[in-house]
file coords13.cif (mmCIF, C-alpha atoms)
data_run
#
loop_
_atom_site.label_atom_id
_atom_site.label_comp_id
_atom_site.auth_asym_id
_atom_site.auth_seq_id
_atom_site.Cartn_x
_atom_site.Cartn_y
_atom_site.Cartn_z
CA MET A 158 0.00 0.00 0.00
CA THR A 159 1.36 3.39 -0.96
CA ARG A 160 1.62 5.85 1.90
CA ALA A 161 0.26 9.34 1.52
CA ASP A 162 2.25 11.32 4.05
CA ASP A 163 3.71 9.14 6.76
CA ASP A 164 3.44 5.76 8.44
CA PHE A 165 0.68 6.83 10.82
CA ARG A 166 -2.15 4.31 11.04
CA ILE A 167 -5.30 4.56 13.12
CA ASP A 168 -6.88 1.71 15.06
CA GLY A 169 -9.91 1.41 12.84
CA TYR A 170 -11.58 -0.97 15.27
CA LYS A 171 -11.69 1.39 18.24
CA PHE A 172 -15.45 1.95 18.09
CA LEU A 173 -16.46 -1.49 16.84
CA PRO A 174 -18.20 -3.72 19.42
CA ARG A 175 -15.47 -5.88 20.86
CA SER A 176 -17.29 -9.13 20.06
CA MET A 177 -17.17 -8.22 16.35
CA ILE A 178 -13.49 -7.32 16.12
CA PRO A 179 -12.08 -10.85 15.64
CA GLU A 180 -14.52 -11.54 12.81
CA PHE A 181 -13.64 -8.29 11.03
CA LYS A 182 -9.90 -8.78 11.48
CA ALA A 183 -10.11 -12.35 10.20
CA PHE A 184 -12.19 -11.34 7.19
CA GLN A 185 -10.76 -13.39 4.37
CA TYR A 186 -11.69 -11.31 1.35
CA GLN A 187 -8.85 -9.80 -0.62
CA ALA A 188 -9.56 -7.92 -3.83
CA GLY A 189 -7.52 -8.55 -6.93
CA ASP A 190 -6.31 -5.55 -8.88
CA PHE A 191 -7.56 -2.25 -7.55
CA PRO A 192 -9.33 0.07 -10.03
CA GLN A 193 -6.89 2.22 -12.01
CA ALA A 194 -8.88 5.29 -11.07
CA VAL A 195 -6.50 7.94 -12.30
CA ALA A 196 -7.99 11.44 -12.35
CA LYS A 197 -8.87 12.60 -15.85
CA VAL A 198 -9.30 16.24 -14.92
CA LEU A 199 -7.76 18.43 -12.24
CA LEU A 200 -9.63 18.82 -8.96
CA LYS A 201 -10.47 22.43 -9.72
CA SER A 202 -12.37 21.19 -12.80
CA ALA A 203 -13.84 18.00 -11.33
CA ARG A 204 -17.52 17.37 -10.75
CA VAL A 205 -18.00 15.69 -7.39
CA THR A 206 -20.73 13.41 -6.05
CA LEU A 207 -21.15 12.00 -2.55
CA LEU A 208 -22.42 8.56 -1.57
CA THR A 209 -23.41 7.65 1.97
CA SER A 210 -24.40 4.31 3.48
CA SER A 211 -26.17 5.99 6.40
CA GLY A 212 -29.71 5.22 5.22
CA LEU A 213 -30.77 8.80 4.42
CA TYR A 214 -33.89 9.42 2.37
CA LEU A 215 -36.21 12.31 1.61
CA LYS A 216 -38.96 12.66 4.16
CA ASN A 217 -42.46 12.47 2.62
CA ARG A 218 -41.00 12.18 -0.90
CA GLN A 219 -39.24 8.84 -0.93
CA GLN A 220 -39.93 5.45 0.54
CA SER A 221 -38.02 4.54 3.64
CA PHE A 222 -35.58 1.66 3.34
CA ASP A 223 -37.42 -1.56 4.11
CA LEU A 224 -36.67 -2.09 7.78
CA GLU A 225 -39.79 -4.20 8.37
CA ARG A 226 -38.51 -6.91 6.08
CA GLU A 227 -35.11 -6.76 7.75
CA GLN A 228 -36.85 -7.26 11.09
CA ARG A 229 -38.53 -10.38 9.68
CA GLU A 230 -35.45 -11.58 7.80
CA PRO A 231 -32.33 -10.54 9.76
CA MET A 232 -29.97 -11.94 7.11
CA TRP A 233 -31.44 -9.52 4.54
CA GLY A 234 -30.74 -5.80 4.08
CA ASP A 235 -32.52 -3.44 1.70
CA PRO A 236 -30.22 -3.09 -1.34
CA THR A 237 -31.98 -0.09 -2.94
CA TYR A 238 -30.65 3.46 -2.96
CA ARG A 239 -32.10 6.95 -2.91
CA VAL A 240 -31.13 10.03 -4.90
CA ILE A 241 -30.53 13.06 -2.68
CA PRO A 242 -30.55 16.42 -4.48
CA ARG A 243 -27.79 18.85 -3.55
CA ASN A 244 -29.98 21.69 -2.27
CA ILE A 245 -31.78 19.75 0.41
CA GLY A 246 -32.82 21.23 3.72
CA ALA A 247 -32.11 19.62 7.09
CA ASP A 248 -35.83 19.23 7.77
CA GLU A 249 -36.32 17.27 4.55
CA ILE A 250 -34.05 14.37 5.50
CA ALA A 251 -35.05 11.20 7.34
CA VAL A 252 -32.96 8.20 8.33
CA ALA A 253 -33.73 4.47 8.22
CA HIS A 254 -30.93 2.33 9.62
CA LEU A 255 -31.27 -0.26 12.38
CA HIS A 256 -27.51 -0.56 12.99
CA LEU A 257 -26.83 3.03 14.01
CA ASN A 258 -28.27 5.49 16.49
CA PRO A 259 -29.83 8.00 14.06
CA ASP A 260 -29.95 10.96 16.47
CA ASP A 261 -26.75 12.68 15.32
CA VAL A 262 -27.29 12.30 11.59
CA VAL A 263 -30.88 13.52 11.96
CA SER A 264 -29.51 16.53 13.84
CA ASP A 265 -26.92 17.24 11.11
CA PHE A 266 -26.88 15.06 8.00
CA ASN A 267 -23.59 16.71 6.96
CA ILE A 268 -21.73 14.30 9.24
CA ALA A 269 -22.55 11.63 6.65
CA LEU A 270 -23.31 13.64 3.51
CA PRO A 271 -21.51 16.98 3.83
CA LEU A 272 -23.30 18.87 1.07
CA GLU A 273 -22.82 22.23 2.77
CA VAL A 274 -19.06 21.76 2.96
CA PHE A 275 -18.79 20.70 -0.68
CA ALA A 276 -21.05 23.55 -1.81
CA GLN A 277 -18.57 25.85 -0.10
CA PHE A 278 -15.68 24.11 -1.91
CA GLU A 279 -17.51 24.74 -5.18
CA GLU A 280 -17.95 28.40 -4.32
CA GLU A 281 -14.27 28.72 -3.41
CA GLY A 282 -13.17 27.03 -6.65
CA ARG A 283 -11.51 24.16 -4.78
CA ILE A 284 -13.56 21.72 -6.90
CA GLY A 285 -15.06 22.25 -10.34
CA SER A 286 -18.65 21.65 -9.30
CA LEU A 287 -20.87 19.73 -6.96
CA ALA A 288 -23.19 17.43 -8.91
CA GLY A 289 -26.95 17.84 -8.69
CA SER A 290 -27.53 14.29 -7.43
CA HIS A 291 -26.03 12.45 -4.50
CA TYR A 292 -26.75 8.94 -3.30
CA SER A 293 -27.74 7.14 -0.16
CA PHE A 294 -28.15 3.50 0.68
CA MET A 295 -28.55 1.60 3.90
CA GLY A 296 -25.24 0.05 4.87
CA TYR A 297 -26.42 -3.27 6.21
CA GLN A 298 -26.59 -5.51 3.15
CA GLY A 299 -27.07 -8.80 4.92
CA ARG A 300 -25.22 -11.77 3.55
CA SER A 301 -25.46 -10.88 -0.13
CA SER A 302 -24.13 -8.15 -2.36
CA THR A 303 -25.41 -9.59 -5.63
CA ALA A 304 -28.11 -6.91 -6.04
CA TRP A 305 -25.41 -4.21 -5.91
CA ARG A 306 -23.09 -6.15 -8.19
CA ASP A 307 -25.74 -6.98 -10.78
CA VAL A 308 -28.32 -4.17 -10.59
CA TYR A 309 -27.69 -1.11 -8.43
CA GLY A 310 -23.96 -0.76 -8.95
CA PRO A 311 -24.19 -0.70 -12.76
CA GLU A 312 -27.26 1.57 -12.52
CA LEU A 313 -25.35 4.00 -10.32
CA VAL A 314 -22.39 4.02 -12.71
CA THR A 315 -24.76 4.89 -15.57
CA ARG A 316 -26.20 7.78 -13.54
CA LEU A 317 -22.74 9.07 -12.67
CA ARG A 318 -21.71 8.99 -16.32
CA GLN A 319 -24.90 10.79 -17.34
CA GLU A 320 -24.06 13.54 -14.87
CA ASP A 321 -20.41 13.70 -16.02
CA VAL A 322 -19.15 12.96 -12.53
CA ASP A 323 -15.35 12.79 -12.18
CA LEU A 324 -15.04 12.01 -8.49
CA LEU A 325 -17.29 9.89 -6.27
CA ILE A 326 -16.61 10.01 -2.53
CA LEU A 327 -17.90 6.99 -0.61
CA ALA A 328 -18.65 7.60 3.05
CA PRO A 329 -19.42 4.52 5.12
CA GLY A 330 -22.03 4.73 7.83
CA MET B 630 -14.03 4.06 9.54
CA LEU B 631 -12.52 0.62 8.87
CA PRO B 632 -9.66 1.48 6.51
CA ASP B 633 -8.08 -1.97 6.82
CA LEU B 634 -11.23 -3.46 5.30
CA ALA B 635 -11.33 -0.77 2.64
CA GLU B 636 -7.79 -1.78 1.66
CA ARG B 637 -8.82 -5.40 1.36
CA PHE B 638 -11.66 -4.37 -0.94
CA GLY B 639 -9.16 -2.70 -3.25
CA LEU B 640 -10.25 0.92 -2.98
CA PRO B 641 -7.75 3.13 -4.79
CA ARG B 642 -7.92 6.07 -2.33
CA ILE B 643 -8.72 5.75 1.37
CA VAL B 644 -8.97 8.24 4.22
CA GLY B 645 -8.92 6.58 7.66
CA VAL B 646 -10.72 8.25 10.55
CA GLU B 647 -11.04 7.00 14.11
CA PHE B 648 -14.59 8.23 14.61
CA PRO B 649 -17.70 6.51 15.98
CA PHE B 650 -19.76 4.79 13.31
CA GLY B 651 -22.29 7.04 11.62
CA HIS B 652 -19.91 10.03 11.74
CA PRO B 653 -17.52 9.61 8.79
CA PHE B 654 -17.03 13.37 8.38
CA GLY B 655 -16.96 14.26 12.06
CA MET B 656 -18.97 15.91 14.80
CA VAL B 657 -22.47 17.28 14.50
CA HIS B 658 -22.48 20.95 13.36
CA ASP B 659 -18.64 21.04 13.41
CA ARG B 660 -18.09 22.33 9.89
CA GLU B 661 -14.36 22.76 10.45
CA MET B 662 -13.87 19.09 11.34
CA GLN B 663 -16.10 18.04 8.43
CA LYS B 664 -14.11 20.31 6.15
CA THR B 665 -10.78 18.87 7.33
CA VAL B 666 -11.89 15.32 6.53
CA ALA B 667 -13.32 16.38 3.17
CA ILE B 668 -10.12 18.23 2.20
CA SER B 669 -8.10 15.15 3.13
CA ALA B 670 -10.23 13.07 0.77
CA LEU B 671 -9.86 15.62 -2.02
CA SER B 672 -6.08 15.77 -1.47
CA LEU B 673 -5.83 12.18 -2.73
CA TYR B 674 -7.79 12.78 -5.93
CA GLU B 675 -4.89 13.83 -8.14
CA ARG B 676 -2.49 11.23 -6.74
CA THR B 677 -1.29 8.76 -9.34
CA ASP B 678 0.73 6.48 -7.03
CA LEU B 679 -2.29 4.32 -6.29
CA PRO B 680 -3.49 2.72 -4.09
CA VAL B 681 -3.04 5.38 -1.46
CA ARG B 682 -4.21 5.70 2.15
CA LYS B 683 -4.13 8.67 4.50
CA ASP B 684 -5.09 8.21 8.15
CA LEU B 685 -6.03 11.33 10.07
CA ARG B 686 -4.70 12.24 13.50
CA ILE B 687 -7.98 13.76 14.67
CA VAL B 688 -8.91 12.52 18.14
CA TRP B 689 -12.66 12.23 18.73
CA PRO B 690 -13.35 14.90 21.34
CA VAL B 691 -15.81 12.86 23.42
CA ASP B 692 -15.08 10.32 26.13
CA TRP B 693 -14.60 6.91 24.46
CA LYS B 694 -17.25 5.12 26.55
CA VAL B 695 -19.83 7.80 25.81
CA ALA B 696 -19.02 7.80 22.09
CA TYR B 697 -18.87 3.98 21.93
CA LYS B 698 -22.33 3.64 23.42
CA GLY B 699 -23.65 6.73 21.71
CA TRP B 700 -23.35 5.58 18.11
CA GLN B 701 -25.05 2.24 18.72
CA PRO B 702 -28.80 1.78 18.22
CA LYS B 703 -31.00 1.77 21.29
CA GLU B 704 -32.28 -1.69 20.32
CA ALA B 705 -30.00 -4.39 18.97
CA ALA B 706 -30.10 -4.68 15.17
CA PRO B 707 -32.10 -7.72 13.98
CA ILE B 708 -29.00 -9.66 12.95
CA VAL B 709 -27.36 -9.00 16.32
CA ALA B 710 -30.46 -10.10 18.22
CA TYR B 711 -30.78 -13.17 15.99
CA LEU B 712 -27.17 -14.27 16.49
CA LYS B 713 -27.37 -13.60 20.22
CA ASN B 714 -30.46 -15.82 20.45
CA GLN B 715 -28.68 -18.53 18.51
CA VAL B 716 -25.79 -18.50 20.97
CA LEU B 717 -28.16 -18.53 23.94
CA ASN B 718 -30.16 -21.43 22.49
CA LYS B 719 -26.99 -23.38 21.81
CA HIS B 720 -25.88 -22.99 25.42
CA ARG B 721 -29.32 -23.99 26.68
CA LYS B 722 -29.18 -27.21 24.67
CA THR B 723 -25.67 -28.09 25.77
CA PRO B 724 -25.79 -30.76 28.50
CA ASP B 725 -23.85 -30.02 31.68
#

call {"tool": "encode", "arguments": {"input": "coords13.cif", "output": "structure tokens"}}
result
Amino acid sequence: MTRADDDFRIDGYKFLPRSMIPEFKAFQYQAGDFPQAVAKVLLKSARVTLLTSSGLYLKNRQQSFDLEREQREPMWGDPTYRVIPRNIGADEIAVAHLHLNPDDVVSDFNIALPLEVFAQFEEEGRIGSLAGSHYSFMGYQGRSSTAWRDVYGPELVTRLRQEDVDLLILAPG
Amino acid sequence: MLPDLAERFGLPRIVGVEFPFGHPFGMVHDREMQKTVAISALSLYERTDLPVRKDLRIVWPVDWKVAYKGWQPKEAAPIVAYLKNQVLNKHRKTPD
């Protein structure tokens, strides 16, 4: 792994429930080649989109993620996603996620989807532009990722291409 | 949040933060902290020596026990409750 600045490494497991740490550390998966995602334009020209797995959706305008089914089928997690427009108000956002305490993200969704910060970056010329659409899904995907591999992932890529997005920032819940 | 896992999944650019789950960009209403994390992510965009990882030295400014309990749901997630029941049932069936 290339190092950005120095050898400093955090303990990424500090806030994980202790009973889960061994399973996460022993996780066997190892990807093959990483994507050769070399920037095609400079940051000051790049169009940026954000993606959160915090389970945000638009109150009264979008369906919640399906938590009832997850309650009935604990091995299943809703694989759908929601499109969040950039100029959304704090009172228009709701959260559906059974694996997180939603209080903080309800209070300030920018901790998961910092649209205000990136709008400021756009204004300052630090980035080219902030895209019109951003994306939210609910991070618990149960024991299967086939829906994302076969349906939602390719769909999302098509959307990003249609919006001429250069940089997608993934923020885990 | 779990940058070691992100590495295993082959992400080309990773920013590691030692924050409670649900807070990848930082504290509620703390735009400066959110901005610092966001700028760190953007600073990797033009890097060509991929894959690259940058872990941040920001210490979460809340007592660990409070933050550890605070991010977790008030009721156990269905999968957690399910697995806990499985363990309990297994122990109940085990003869002394």

call {"tool": "resolve_selection", "arguments": {"input": "coords13.cif", "expression": "the PyMOL selection byres ((chain A) within 6 of (chain B))", "output": "ChimeraX atom specification"}}
result
/A:159-161,166,169,172,187-188,191,196,228,231,255-258,265,268-269,330

call {"tool": "residues_around", "arguments": {"input": "coords13.cif", "residues": "Leu287 in chain A", "least_positions_apart": "4", "cutoff": "9 Å", "atoms": "only C-alpha atoms", "output": "list of chain:residue names"}}
result
A:Ala203, A:Arg204, A:Val205, A:Thr206, A:Leu207, A:Arg243, A:Leu272, A:Phe275, A:Ala276, A:Phe278, A:Glu279, A:Val322

call {"tool": "resolve_selection", "arguments": {"input": "coords13.cif", "expression": "the PyMOL selection byres ((chain A and resi 211-227) around 6)", "output": "ChimeraX atom specification"}}
result
/A:209-210,228-231,233-235,249-254,293-295,330

call {"tool": "write_last_selection", "arguments": {"input": "coords13.cif", "atoms": "C-alpha atoms", "output": "mmCIF file, in the coordinates of the input"}}
result
data_model
loop_
_atom_site.group_PDB
_atom_site.id
_atom_site.type_symbol
_atom_site.label_atom_id
_atom_site.label_comp_id
_atom_site.auth_asym_id
_atom_site.auth_seq_id
_atom_site.Cartn_x
_atom_site.Cartn_y
_atom_site.Cartn_z
ATOM 1 C CA THR A 209 -23.410 7.650 1.970
ATOM 2 C CA SER A 210 -24.400 4.310 3.480
ATOM 3 C CA GLN A 228 -36.850 -7.260 11.090
ATOM 4 C CA ARG A 229 -38.530 -10.380 9.680
ATOM 5 C CA GLU A 230 -35.450 -11.580 7.800
ATOM 6 C CA PRO A 231 -32.330 -10.540 9.760
ATOM 7 C CA TRP A 233 -31.440 -9.520 4.540
ATOM 8 C CA GLY A 234 -30.740 -5.800 4.080
ATOM 9 C CA ASP A 235 -32.520 -3.440 1.700
ATOM 10 C CA GLU A 249 -36.320 17.270 4.550
ATOM 11 C CA ILE A 250 -34.050 14.370 5.500
ATOM 12 C CA ALA A 251 -35.050 11.200 7.340
ATOM 13 C CA VAL A 252 -32.960 8.200 8.330
ATOM 14 C CA ALA A 253 -33.730 4.470 8.220
ATOM 15 C CA HIS A 254 -30.930 2.330 9.620
ATOM 16 C CA SER A 293 -27.740 7.140 -0.160
ATOM 17 C CA PHE A 294 -28.150 3.500 0.680
ATOM 18 C CA MET A 295 -28.550 1.600 3.900
ATOM 19 C CA GLY A 330 -22.030 4.730 7.830
#

call {"tool": "atom_distance", "arguments": {"input": "coords13.cif", "atom1": "CA of Pro311 in chain A", "atom2": "CA of Tyr238 in chain A"}}
result
12.5 Å

call {"tool": "atom_distance", "arguments": {"input": "coords13.cif", "atom1": "CA of Met232 in chain A", "atom2": "CA of Trp305 in chain A"}}
result
15.8 Å

call {"tool": "atom_distance", "arguments": {"input": "coords13.cif", "atom1": "CA of Val691 in chain B", "atom2": "CA of Pro259 in chain A"}}
result
17.5 Å

call {"tool": "resolve_selection", "arguments": {"input": "coords13.cif", "expression": "the PyMOL selection byres ((chain A and resi 240) around 7)", "output": "PyMOL selection string"}}
result
chain A and resi 238-239+241-242+290-293

call {"tool": "write_last_selection", "arguments": {"input": "coords13.cif", "atoms": "C-alpha atoms", "output": "mmCIF file, in the frame of the given file"}}
result
data_model
loop_
_atom_site.group_PDB
_atom_site.id
_atom_site.type_symbol
_atom_site.label_atom_id
_atom_site.label_comp_id
_atom_site.auth_asym_id
_atom_site.auth_seq_id
_atom_site.Cartn_x
_atom_site.Cartn_y
_atom_site.Cartn_z
ATOM 1 C CA TYR A 238 -30.650 3.460 -2.960
ATOM 2 C CA ARG A 239 -32.100 6.950 -2.910
ATOM 3 C CA ILE A 241 -30.530 13.060 -2.680
ATOM 4 C CA PRO A 242 -30.550 16.420 -4.480
ATOM 5 C CA SER A 290 -27.530 14.290 -7.430
ATOM 6 C CA HIS A 291 -26.030 12.450 -4.500
ATOM 7 C CA TYR A 292 -26.750 8.940 -3.300
ATOM 8 C CA SER A 293 -27.740 7.140 -0.160
#

call {"tool": "axis_aligned_box", "arguments": {"input": "coords13.cif", "around": "range 287-292 of chain A", "padding_each_side": "3 Å", "output": "AutoDock Vina command-line options"}}
result
--center_x -24.2 --center_y 14.3 --center_z -6.1 --size_x 12.7 --size_y 16.8 --size_z 11.6

call {"tool": "closest_residue", "arguments": {"input": "coords13.cif", "among": "A:Val195, A:Ala183, A:Thr237, A:Asp260", "to": "Ala304 in chain A", "atoms": "only C-alpha atoms"}}
result
A:Thr237

call {"tool": "decode", "arguments": {"input": "coords13.cif", "residues": "range 662-716 of chain B", "atoms": "C-alpha atoms", "output": "CSV table (one decimal), in the first residue's frame"}}
result
chain,number,residue,atom,x,y,z
B,662,MET,CA,-13.9,19.1,11.3
B,663,GLN,CA,-16.1,18.0,8.4
B,664,LYS,CA,-14.1,20.3,6.1
B,665,THR,CA,-10.8,18.9,7.3
B,666,VAL,CA,-11.9,15.3,6.5
B,667,ALA,CA,-13.3,16.4,3.2
B,668,ILE,CA,-10.1,18.2,2.2
B,669,SER,CA,-8.1,15.1,3.1
B,670,ALA,CA,-10.2,13.1,0.8
B,671,LEU,CA,-9.9,15.6,-2.0
B,672,SER,CA,-6.1,15.8,-1.5
B,673,LEU,CA,-5.8,12.2,-2.7
B,674,TYR,CA,-7.8,12.8,-5.9
B,675,GLU,CA,-4.9,13.8,-8.1
B,676,ARG,CA,-2.5,11.2,-6.7
B,677,THR,CA,-1.3,8.8,-9.3
B,678,ASP,CA,0.7,6.5,-7.0
B,679,LEU,CA,-2.3,4.3,-6.3
B,680,PRO,CA,-3.5,2.7,-4.1
B,681,VAL,CA,-3.0,5.4,-1.5
B,682,ARG,CA,-4.2,5.7,2.2
B,683,LYS,CA,-4.1,8.7,4.5
B,684,ASP,CA,-5.1,8.2,8.1
B,685,LEU,CA,-6.0,11.3,10.1
B,686,ARG,CA,-4.7,12.2,13.5
B,687,ILE,CA,-8.0,13.8,14.7
B,688,VAL,CA,-8.9,12.5,18.1
B,689,TRP,CA,-12.7,12.2,18.7
B,690,PRO,CA,-13.4,14.9,21.3
B,691,VAL,CA,-15.8,12.9,23.4
B,692,ASP,CA,-15.1,10.3,26.1
B,693,TRP,CA,-14.6,6.9,24.5
B,694,LYS,CA,-17.2,5.1,26.5
B,695,VAL,CA,-19.8,7.8,25.8
B,696,ALA,CA,-19.0,7.8,22.1
B,697,TYR,CA,-18.9,4.0,21.9
B,698,LYS,CA,-22.3,3.6,23.4
B,699,GLY,CA,-23.7,6.7,21.7
B,700,TRP,CA,-23.3,5.6,18.1
B,701,GLN,CA,-25.1,2.2,18.7
B,702,PRO,CA,-28.8,1.8,18.2
B,703,LYS,CA,-31.0,1.8,21.3
B,704,GLU,CA,-32.3,-1.7,20.3
B,705,ALA,CA,-30.0,-4.4,19.0
B,706,ALA,CA,-30.1,-4.7,15.2
B,707,PRO,CA,-32.1,-7.7,14.0
B,708,ILE,CA,-29.0,-9.7,12.9
B,709,VAL,CA,-27.4,-9.0,16.3
B,710,ALA,CA,-30.5,-10.1,18.2
B,711,TYR,CA,-30.8,-13.2,16.0
B,712,LEU,CA,-27.2,-14.3,16.5
B,713,LYS,CA,-27.4,-13.6,20.2
B,714,ASN,CA,-30.5,-15.8,20.5
B,715,GLN,CA,-28.7,-18.5,18.5
B,716,VAL,CA,-25.8,-18.5,21.0
